[in-house]
Amino acid sequence: MTATIKAKKSNDLAFPQGIKRYGLKGILNLIFRPLPTLESNRNRYGDIYYSPAFSSFPPFIVVGNPEGIEALFTADPDLFNSGTSNAAFQPLLGSQSILQLDGEPHKKRRKLLMPSFHGQRLQTYGEIITNITQAILNGWQKKDIFSMREVTQEITLSVILQAVFGITQGDNYQSLRQQLSCYLDLFNSPLYTSTLFLPILQKNWGTWTPWGNFIDQRDKVYELLSQEIDKRATTKDGEDILSLLLSVTDEQGEHLTKGEVMSELMTLLFAGHETTASALAWAFYWIHFHPEIYHNLQDELDTINVDTDPMEIAKLPYLNAVVSETLRIYPIALFAFSRTLKTSWEFMGYSLETGMSLAPCIYLVHHHPDIYPNSKQFQPERFLDSQFSPYEFIPFGGSNRRCLGYALALYEMKLVLATVLKQVNLKLVDSQPILPVRRGFTMSPQGGVKMQVI
């Protein structure tokens, strides 16, 4: 039996308890030891607590229980701004990404982008995903040892290049692939990760400095994308997302500007590639770390063959449960997007003033003892035995800020897992548990999950 961790309040308490201020040690813990730090704070202050400003991040209320998440996600979206809370992403994504938009501009952009990730488009992406994965499998030999995180990054980057950018093999494909890989790999380094959280380190003193090198690598990516956009501007009838971005118009018949298209491509690159690559690496780890889960999944995969419709593969219940539990136990993003109040608001018994931000904590909700007993154990059966509400299981956020590409991410994870496990026997090189580490704004498996073909 478990006890709910309540937000600590009394009749005369109109504001959540929480941390008074962050010293250097507290800031470093938030950056490099976020999971134990979040758990320690919840144990001390409750499910809902105050986090003061640190570095470039404003003060906010951490919301870590389903009741608070429901109150936040079901509130009128017009109560909040979210784009202003995402300022930290601007160096990565530019200033015109959907993540930086609020109000009517956000609604319009979301409406324009939505068709790219649903319906018939998913059918088209399914063939791309399986073909890319198959091509990588064809190059494996028995006893090969590799980092699964590097393999899944290769797969997801290829999917982005083909399904999103519409680029296939050729000089442009190789140039963009190589430059994107160099750019993304910067965040394997704790030093580069620190620059995203500490503006004092964001000084461009030349390419020999971390921030200068980051800017240089980013500008090279931007230049290649700019060339691709210019080249494709006259041929907008492709099935890829770039073609859609170049062809769609709003109610006034206006196209997206080049800067807006560029920002959305960068958003899709980070939100749809980095996150899915890490989630897939985690899935391979958990499946092979628990032999009974591996065998249960193999039994289910024995019911399909190479001719099975990818959409049917995506409906396999145990495969879905494995993917869901992967996204639950170590969510790639620890928080959903913050909401900043445009007016005062009564929230969960507290009186909050204009300008206060509320941050839904995915990790704390996914490890809430009332919802997920033994939450540190990987148990896919949770998702076979129970149906969790959109306030209890929130790997993609929720409300009007739910990740647009969630359906594609789930689809890609399931197809890659099914394609690999159906054909290749793998094992973990090391039997020791793997822990999550910071990779930019996301969490990734430490060491990349070393695996061997057997």
# chains A, B, ... in the order shown; residues from 1 in each chain; ligands from 1

$ residues_around --residues "region 142-144 of chain A" --least-positions-apart "2" --cutoff "9 Å" --atoms "only C-alpha atoms" --output "ChimeraX atom specification"
/A:140,146,451-454

$ residues_around --residues "Val159 (chain A)" --least-positions-apart "2" --cutoff "10 Å" --atoms "only C-alpha atoms" --output "list in words"
Tyr125, Gly126, Ile128, Ile129, Thr130, Asn131, Ile132, Thr133, Gln153, Glu154, Ile155, Thr156, Leu157, Leu161, Gln162, Ala163, Val164, Phe165, Gly166, Ile167, Thr168, Gly272, His273 and Glu412 of chain A

$ residues_around --residues "Leu72 (chain A)" --least-positions-apart "5" --cutoff "12 Å" --atoms "only C-alpha atoms" --output "ChimeraX atom specification"
/A:61-67,77-80,336-341,345-348,357-361,390-391,397-401

$ write_last_selection --atoms "N, CA, C and O atoms" --output "tab-separated table (two decimals), in the first residue's frame"
chain	number	residue	atom	x	y	z
A	61	ILE	N	6.48	26.78	-10.61
A	61	ILE	CA	5.87	25.80	-9.73
A	61	ILE	C	6.01	24.43	-10.40
A	61	ILE	O	5.55	24.24	-11.53
A	62	VAL	N	6.66	23.49	-9.74
A	62	VAL	CA	6.76	22.12	-10.23
A	62	VAL	C	5.46	21.40	-9.90
A	62	VAL	O	5.00	21.40	-8.76
A	63	VAL	N	4.84	20.80	-10.92
A	63	VAL	CA	3.58	20.08	-10.74
A	63	VAL	C	3.86	18.60	-10.98
A	63	VAL	O	4.18	18.19	-12.10
A	64	GLY	N	3.75	17.78	-9.91
A	64	GLY	CA	4.19	16.40	-10.00
A	64	GLY	C	3.16	15.36	-9.64
A	64	GLY	O	3.52	14.23	-9.33
A	65	ASN	N	1.86	15.71	-9.69
A	65	ASN	CA	0.83	14.68	-9.46
A	65	ASN	C	-0.26	14.79	-10.51
A	65	ASN	O	-0.45	15.83	-11.14
A	66	PRO	N	-1.00	13.69	-10.76
A	66	PRO	CA	-2.01	13.70	-11.82
A	66	PRO	C	-3.11	14.72	-11.61
A	66	PRO	O	-3.63	15.29	-12.57
A	67	GLU	N	-3.47	14.99	-10.34
A	67	GLU	CA	-4.53	15.97	-10.08
A	67	GLU	C	-4.10	17.37	-10.55
A	67	GLU	O	-4.87	18.10	-11.17
A	77	PRO	N	-6.51	27.22	-22.36
A	77	PRO	CA	-5.14	27.52	-22.80
A	77	PRO	C	-4.84	29.02	-22.89
A	77	PRO	O	-3.68	29.43	-22.80
A	78	ASP	N	-5.91	29.82	-23.06
A	78	ASP	CA	-5.69	31.26	-23.17
A	78	ASP	C	-5.28	31.91	-21.85
A	78	ASP	O	-4.95	33.11	-21.82
A	79	LEU	N	-5.30	31.13	-20.76
A	79	LEU	CA	-4.81	31.64	-19.48
A	79	LEU	C	-3.29	31.78	-19.47
A	79	LEU	O	-2.74	32.51	-18.64
A	80	PHE	N	-2.64	31.08	-20.39
A	80	PHE	CA	-1.19	30.95	-20.31
A	80	PHE	C	-0.47	31.41	-21.58
A	80	PHE	O	-1.03	31.40	-22.66
A	336	ALA	N	7.19	18.60	-19.27
A	336	ALA	CA	6.44	19.11	-20.41
A	336	ALA	C	6.62	20.63	-20.44
A	336	ALA	O	7.18	21.21	-19.50
A	337	PHE	N	6.14	21.28	-21.47
A	337	PHE	CA	6.35	22.71	-21.60
A	337	PHE	C	5.64	23.48	-20.48
A	337	PHE	O	4.51	23.21	-20.14
A	338	SER	N	6.37	24.45	-19.93
A	338	SER	CA	5.81	25.28	-18.87
A	338	SER	C	4.70	26.17	-19.40
A	338	SER	O	4.66	26.52	-20.59
A	339	ARG	N	3.82	26.55	-18.50
A	339	ARG	CA	2.75	27.51	-18.80
A	339	ARG	C	2.94	28.72	-17.88
A	339	ARG	O	3.04	28.56	-16.67
A	340	THR	N	2.99	29.91	-18.45
A	340	THR	CA	3.17	31.14	-17.69
A	340	THR	C	1.84	31.89	-17.64
A	340	THR	O	1.24	32.17	-18.68
A	341	LEU	N	1.40	32.21	-16.44
A	341	LEU	CA	0.08	32.82	-16.26
A	341	LEU	C	0.01	34.24	-16.83
A	341	LEU	O	0.88	35.07	-16.57
A	345	TRP	N	-4.54	33.29	-10.81
A	345	TRP	CA	-5.28	32.02	-10.98
A	345	TRP	C	-5.27	31.25	-9.68
A	345	TRP	O	-4.24	31.18	-8.99
A	346	GLU	N	-6.41	30.63	-9.36
A	346	GLU	CA	-6.50	29.72	-8.23
A	346	GLU	C	-6.20	28.31	-8.73
A	346	GLU	O	-6.92	27.78	-9.58
A	347	PHE	N	-5.12	27.72	-8.21
A	347	PHE	CA	-4.67	26.41	-8.69
A	347	PHE	C	-4.41	25.50	-7.50
A	347	PHE	O	-3.54	25.78	-6.68
A	348	MET	N	-5.18	24.42	-7.42
A	348	MET	CA	-4.98	23.38	-6.40
A	348	MET	C	-4.91	23.98	-4.99
A	348	MET	O	-4.12	23.56	-4.14
A	357	SER	N	5.07	30.76	-13.56
A	357	SER	CA	5.07	29.63	-14.49
A	357	SER	C	4.79	28.33	-13.75
A	357	SER	O	5.18	28.17	-12.59
A	358	LEU	N	4.10	27.42	-14.43
A	358	LEU	CA	3.84	26.08	-13.90
A	358	LEU	C	4.47	25.07	-14.84
A	358	LEU	O	4.24	25.10	-16.05
A	359	ALA	N	5.26	24.15	-14.26
A	359	ALA	CA	6.01	23.18	-15.07
A	359	ALA	C	5.54	21.77	-14.76
A	359	ALA	O	5.82	21.24	-13.67
A	360	PRO	N	4.81	21.12	-15.68
A	360	PRO	CA	4.38	19.73	-15.46
A	360	PRO	C	5.59	18.80	-15.50
A	360	PRO	O	6.28	18.74	-16.51
A	361	CYS	N	5.84	18.09	-14.40
A	361	CYS	CA	7.02	17.23	-14.33
A	361	CYS	C	6.66	15.81	-14.74
A	361	CYS	O	6.03	15.06	-13.98
A	390	PRO	N	-4.72	10.58	-19.51
A	390	PRO	CA	-3.74	11.51	-20.12
A	390	PRO	C	-3.15	12.48	-19.11
A	390	PRO	O	-2.43	13.41	-19.50
A	391	TYR	N	-3.43	12.28	-17.82
A	391	TYR	CA	-2.81	13.07	-16.76
A	391	TYR	C	-1.90	12.21	-15.90
A	391	TYR	O	-1.17	12.72	-15.06
A	397	GLY	N	3.64	15.31	-23.13
A	397	GLY	CA	2.96	16.50	-22.66
A	397	GLY	C	1.46	16.37	-22.83
A	397	GLY	O	0.91	15.26	-22.83
A	398	GLY	N	0.79	17.51	-22.97
A	398	GLY	CA	-0.66	17.44	-23.10
A	398	GLY	C	-1.28	18.77	-23.46
A	398	GLY	O	-0.60	19.78	-23.63
A	399	SER	N	-2.61	18.74	-23.60
A	399	SER	CA	-3.42	19.90	-23.97
A	399	SER	C	-2.94	20.45	-25.31
A	399	SER	O	-2.53	19.68	-26.18
A	400	ASN	N	-2.98	21.76	-25.47
A	400	ASN	CA	-2.62	22.35	-26.77
A	400	ASN	C	-1.11	22.37	-27.00
A	400	ASN	O	-0.65	22.82	-28.05
A	401	ARG	N	-0.34	21.86	-26.03
A	401	ARG	CA	1.11	21.79	-26.18
A	401	ARG	C	1.61	20.35	-26.29
A	401	ARG	O	2.82	20.09	-26.15

$ closest_residue --among "A:Phe289, A:Val437, A:Tyr406, A:Val322" --to "Met114 (chain A)" --atoms "only C-alpha atoms"
A:Tyr406

$ atom_distance --atom1 "CA of Tyr294 (chain A)" --atom2 "CA of Tyr318 (chain A)"
10.6 Å

$ residues_around --residues "region 218-221 of chain A" --least-positions-apart "5" --cutoff "9 Å" --atoms "only C-alpha atoms" --output "ChimeraX atom specification"
/A:91-92,176,179-180,183,213,226

$ residues_around --residues "region 420-422 of chain A" --least-positions-apart "2" --cutoff "9 Å" --atoms "only C-alpha atoms" --output "PyMOL selection string"
chain A and resi 133-134+137+297-298+301-302+304-305+415-418+424-426

$ residues_around --residues "Pro331 (chain A)" --least-positions-apart "3" --cutoff "9 Å" --atoms "only C-alpha atoms" --output "PyMOL selection string"
chain A and resi 279+326-328+334-335+362-363+366+395+442-443

$ write_last_selection --atoms "C-alpha atoms" --output "short mmCIF file (atom, residue, chain, number, x, y, z; two decimals), in the first residue's frame"
data_model
loop_
_atom_site.label_atom_id
_atom_site.label_comp_id
_atom_site.auth_asym_id
_atom_site.auth_seq_id
_atom_site.Cartn_x
_atom_site.Cartn_y
_atom_site.Cartn_z
CA ALA A 279 13.99 6.23 -26.42
CA THR A 326 10.14 2.63 -21.85
CA LEU A 327 8.72 6.14 -22.13
CA ARG A 328 7.42 5.98 -18.56
CA LEU A 334 11.75 15.43 -17.69
CA PHE A 335 9.23 18.27 -18.03
CA ILE A 362 6.75 14.11 -16.48
CA TYR A 363 9.29 12.20 -14.40
CA HIS A 366 5.54 8.70 -14.03
CA PRO A 395 5.47 11.32 -22.19
CA THR A 442 17.10 15.42 -22.76
CA MET A 443 18.07 12.26 -20.87
#

$ residues_around --residues "region 260-268 of chain A" --least-positions-apart "5" --cutoff "9 Å" --atoms "only C-alpha atoms" --output "PyMOL selection string"
chain A and resi 92-99+160+164-165+222+225-226+229+241-242+245-246+273+405

$ write_last_selection --atoms "C-alpha atoms" --output "PDB file, in the first residue's frame"
ATOM      1  CA  LEU A  92      18.951  25.472 -30.933  1.00  0.00           C
ATOM      2  CA  LEU A  93      15.733  26.132 -32.834  1.00  0.00           C
ATOM      3  CA  GLY A  94      15.714  29.784 -33.795  1.00  0.00           C
ATOM      4  CA  SER A  95      13.134  32.379 -32.801  1.00  0.00           C
ATOM      5  CA  GLN A  96      10.266  31.344 -35.112  1.00  0.00           C
ATOM      6  CA  SER A  97       9.659  27.743 -34.037  1.00  0.00           C
ATOM      7  CA  ILE A  98       6.183  26.663 -32.991  1.00  0.00           C
ATOM      8  CA  LEU A  99       7.670  26.208 -29.501  1.00  0.00           C
ATOM      9  CA  ILE A 160      14.280  12.747 -40.611  1.00  0.00           C
ATOM     10  CA  VAL A 164      10.952  15.336 -43.140  1.00  0.00           C
ATOM     11  CA  PHE A 165      13.532  16.899 -45.462  1.00  0.00           C
ATOM     12  CA  TYR A 222      21.542  26.356 -41.255  1.00  0.00           C
ATOM     13  CA  LEU A 225      19.169  23.697 -44.882  1.00  0.00           C
ATOM     14  CA  SER A 226      18.863  27.118 -46.492  1.00  0.00           C
ATOM     15  CA  ILE A 229      14.876  25.120 -49.010  1.00  0.00           C
ATOM     16  CA  ILE A 241       7.200  17.435 -44.501  1.00  0.00           C
ATOM     17  CA  LEU A 242       9.448  20.105 -46.047  1.00  0.00           C
ATOM     18  CA  LEU A 245       5.801  23.389 -45.094  1.00  0.00           C
ATOM     19  CA  LEU A 246       6.646  25.103 -48.377  1.00  0.00           C
ATOM     20  CA  HIS A 273      15.218  12.685 -33.930  1.00  0.00           C
ATOM     21  CA  GLY A 405       4.835  14.233 -33.697  1.00  0.00           C
TER      22      GLY A 405
END

$ atom_distance --atom1 "CA of Asp47 (chain A)" --atom2 "CA of Phe32 (chain A)"
21.6 Å

$ select_by_dssp --residues "region 238-416 of chain A" --states "strand (DSSP E or B)" --output "list in words"
Thr249, His255, Phe335, Arg339, Thr340, Leu341, Trp345, Glu346, Phe347, Tyr350, Ser351, Leu352, Ser357, Leu358, Ala359, Pro360 and Cys361 of chain A

$ atom_distance --atom1 "CA of Trp282 (chain A)" --atom2 "CA of Asn188 (chain A)"
16.2 Å

$ closest_residue --among "A:Leu408, A:Leu113, A:Leu269, A:Val365" --to "Tyr330 (chain A)" --atoms "only C-alpha atoms"
A:Val365
